[in-house]
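Q: Sharing a structure, written as structure tokens. Questions coming.
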Amino acid sequence: MLTVERTCVMNFENAIRGARNPMNSWARMDSSYDAEGNFVLGENDLKLAKQLASAGSDHRKYLRQIFVSVDITAPLYWWKEFDTYKVGTVANSCSTMHKIHAKAFERDDFSHDRLDEGGLAALDVLIAYLETERLKFVEDKANKQSWHNMIQLLPSSFNQMRTVTLNYENLINIYYARRSHKLAEWHTLCDWILTLPYAKDLIAVKE
């Protein structure tokens, strides 16, 4: 399971202007903002943006200046793979260290959409145990053993929300490296990538 919320795309105008710096071609800029405040690439700017995006990473440096901020909720096993993309990304996560005891454990705290009946039964047993330890810790914060039991037995299916900042160059790498991955969470993220402004022109550049 993976959910994406609160997407914000920033700095298109400055990135496109910077893309014109090498040839001092700023006079050819023809982009504008629509009534909703969205940046709309003009014909000239879109043509240049597509050419540079398709020419390879050395030529599409401007894509590193188009930023995307988004809240992603995903299981810990997926976040371990996402951490491959550390360069040019920032993430602030909800803390299991500080807040693992803040609410009751329940099924929807874990990714379980592909478990069979046996898997769900095992998860429910673990949830019941974690909840017992949580209540012990809430009653007595000095009970570090219950806290350690929760931390060390927390399964990798536990869902964590992180606010992530990426750029369009990151997203090109993610899209082509992960769009055929066996984990369904990557398919959800790649589908989201294609919904971003001009994604089919600037991110899906190999299509």
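Identifiers for the structure tokens are assigned positionally: chains receive A, B, ... in sequence, residues are indexed from 1 per chain, and ligands are indexed from 1 in the order shown.
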Tell me which protein, DNA and RNA residues are within 10 Å of Val40 of chain A, counting only C-alpha atoms, leaving out same-chain ones fewer than 2 positions away, and put them as a ChimeraX atom specification.

A: /A:12-13,30-34,37-38,42-43,45-46,197-198

Q: Pull C-alpha atoms from the residues just selected and write them as an mmCIF file, in the first residue's frame.

A:
data_model
loop_
_atom_site.group_PDB
_atom_site.id
_atom_site.type_symbol
_atom_site.label_atom_id
_atom_site.label_comp_id
_atom_site.auth_asym_id
_atom_site.auth_seq_id
_atom_site.Cartn_x
_atom_site.Cartn_y
_atom_site.Cartn_z
ATOM 1 C CA PHE A 12 9.118 25.958 -13.103
ATOM 2 C CA GLU A 13 9.597 29.571 -14.202
ATOM 3 C CA ASP A 30 6.757 32.711 -23.993
ATOM 4 C CA SER A 31 5.381 30.991 -20.876
ATOM 5 C CA SER A 32 2.804 32.491 -18.522
ATOM 6 C CA TYR A 33 0.537 31.798 -15.557
ATOM 7 C CA ASP A 34 -3.107 30.842 -15.982
ATOM 8 C CA GLY A 37 -1.779 30.450 -10.856
ATOM 9 C CA ASN A 38 -0.389 27.425 -12.702
ATOM 10 C CA GLY A 42 4.618 28.431 -24.112
ATOM 11 C CA GLU A 43 5.400 26.837 -27.452
ATOM 12 C CA ASP A 45 9.756 27.091 -23.920
ATOM 13 C CA LEU A 46 8.110 23.675 -24.218
ATOM 14 C CA PRO A 197 2.859 18.896 -14.883
ATOM 15 C CA TYR A 198 4.473 18.074 -18.236
#

Q: Would you mind listing, for every residue of segment 57-149 of chain A within 8 Å of segment 171-188 of chain A, the two atoms forming the shortest contact and the distance between them in Å to one decimal, using only C-alpha atoms, sorted by chain and ascending residue number, as JSON lines?

A:
{"residue": "A:Ala74", "atom": "CA", "partner": "A:Glu185", "partner_atom": "CA", "distance": 7.7}
{"residue": "A:Trp78", "atom": "CA", "partner": "A:Glu185", "partner_atom": "CA", "distance": 7.3}
{"residue": "A:Tyr85", "atom": "CA", "partner": "A:Ile174", "partner_atom": "CA", "distance": 7.8}

Q: Since we have the selection now, will you write its residues out, keeping N, CA and C atoms, as a short mmCIF file (atom, residue, chain, number, x, y, z; two decimals), in the first residue's frame?

A:
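So the final result, stored in selection_29.cif, reads:
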data_model
loop_
_atom_site.label_atom_id
_atom_site.label_comp_id
_atom_site.auth_asym_id
_atom_site.auth_seq_id
_atom_site.Cartn_x
_atom_site.Cartn_y
_atom_site.Cartn_z
N ALA A 74 3.79 4.96 3.22
CA ALA A 74 4.17 3.67 2.66
C ALA A 74 4.79 2.80 3.75
N TRP A 78 9.13 -0.58 1.89
CA TRP A 78 9.26 0.24 0.68
C TRP A 78 10.21 1.41 0.91
N TYR A 85 17.49 6.62 -3.31
CA TYR A 85 17.48 7.89 -4.03
C TYR A 85 17.76 9.05 -3.08
#

Q: Counting only C-alpha atoms, what is within 10 Å of segment 121-127 of chain A, bar same-chain residues fewer than 5 positions away, as number ranges by chain?

A: A: 104-107, 109-110, 112, 115-116, 132-133, 150, 153-155, 157

Q: How would the residues just picked look written out with C-alpha atoms as a short mmCIF file (atom, residue, chain, number, x, y, z; two decimals), in the first residue's frame?

A:
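Once written, result.cif looks like this:
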data_model
loop_
_atom_site.label_atom_id
_atom_site.label_comp_id
_atom_site.auth_asym_id
_atom_site.auth_seq_id
_atom_site.Cartn_x
_atom_site.Cartn_y
_atom_site.Cartn_z
CA ALA A 104 -3.70 2.06 19.49
CA PHE A 105 -2.28 -0.41 16.96
CA GLU A 106 -4.77 -1.56 14.31
CA ARG A 107 -4.67 -3.35 10.97
CA ASP A 109 -1.42 0.88 10.46
CA PHE A 110 0.18 -1.85 8.34
CA HIS A 112 -1.79 -5.89 4.43
CA LEU A 115 -1.82 -10.95 2.65
CA ASP A 116 -3.82 -14.18 2.56
CA THR A 132 -0.55 -5.03 25.03
CA GLU A 133 3.00 -3.70 25.24
CA MET A 150 7.40 -2.60 20.35
CA LEU A 153 9.00 -6.39 16.86
CA LEU A 154 7.48 -3.67 14.69
CA PRO A 155 7.12 -5.35 11.26
CA SER A 157 4.78 -3.58 6.86
#

Q: Could you pull out the alpha helix (DSSP H) residues of segment 126-195 of chain A, going by DSSP on the backbone, and write them as a ChimeraX atom specification?

A: /A:126-139,144-153,168-178,184-193

Q: Taking into account only C-alpha atoms, which residue in the set A:Ala35, A:Cys190, A:Leu120, A:Leu202 is nearest to Arg60 of chain A?

A: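 The answer is A:Leu202, which sits nearest to Arg60 of chain A.
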
Q: Identify, with DSSP run on backbone atoms, the residues in chain A assigned to strand (DSSP E), and express the list as a PyMOL selection string.

A: chain A and resi 3-10+32-33+39-40+67-75+90-93+159-167

Q: For atom CA of Pro22 of chain A and atom CA of Ile66 of chain A, quote the distance in Å rounded to one decimal.

A: 17.9 Å

Q: Do a neighbour search on segment 136-147 of chain A at 12 Å with only C-alpha atoms, toss out local chain neighbours closer than 6 positions, and write the hits as a list in words.

A: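 Listing them by chain and then by number gives Thr96, Met97, His98, Lys99, Ile100, His101, Ala102, Lys103, Ala104, Tyr129, Leu130, Leu153 and Leu154 of chain A.
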
Q: I need the residue nearest Thr7 of chain A from this list: A:Phe39, A:Phe67, A:Phe158, A:Trp26. Use only C-alpha atoms for the distance.

A: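 Of the candidates, the smallest distance to Thr7 of chain A is held by A:Phe67.
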
Q: By how many Å are atom CA of Ala55 of chain A and atom CA of Thr84 of chain A apart?

A: 24.4 Å

Q: Which distance in Å separates atom CA of Val68 of chain A and atom CA of Thr3 of chain A, to one decimal?

A: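 Distance reported for this atom pair: 15.6 Å.
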
Q: Measuring between only C-alpha atoms, which one of A:Met23, A:Leu48, A:Thr165, A:Glu131 shows the shortest distance to Asn149 of chain A?

A: A:Glu131

Q: Of the candidates A:Ala49, A:Ile151, A:Leu196, A:Leu166, which shows the shortest atom-to-atom distance to Gln65 of chain A, using only C-alpha atoms?

A: A:Leu166

Q: Give me the residues near Ala53 of chain A as a PDB file with C-alpha atoms, in the first residue's frame, where near means some atom within 9 Å (using only C-alpha atoms) and where sequence neighbours in that chain fewer than 3 positions away do not count.

A:
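After the write, around.pdb holds the following:
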ATOM      1  CA  LEU A  48      13.391  23.764 -25.608  1.00  0.00           C
ATOM      2  CA  ALA A  49      12.413  21.940 -22.415  1.00  0.00           C
ATOM      3  CA  LYS A  50      11.628  18.741 -24.332  1.00  0.00           C
ATOM      4  CA  GLY A  56      20.568  13.380 -21.396  1.00  0.00           C
ATOM      5  CA  SER A  57      21.395  14.361 -17.832  1.00  0.00           C
ATOM      6  CA  HIS A  59      21.908  18.849 -20.859  1.00  0.00           C
ATOM      7  CA  ARG A  60      18.797  18.762 -18.677  1.00  0.00           C
ATOM      8  CA  LYS A  61      20.284  20.293 -15.540  1.00  0.00           C
ATOM      9  CA  TYR A  62      17.279  22.624 -15.336  1.00  0.00           C
ATOM     10  CA  LEU A  63      15.130  19.630 -14.318  1.00  0.00           C
ATOM     11  CA  ASP A 201       7.232  15.533 -21.982  1.00  0.00           C
ATOM     12  CA  LEU A 202       9.955  16.009 -19.364  1.00  0.00           C
ATOM     13  CA  ILE A 203      10.034  12.863 -17.195  1.00  0.00           C
ATOM     14  CA  VAL A 205      11.574  11.141 -21.915  1.00  0.00           C
TER      15      VAL A 205
END
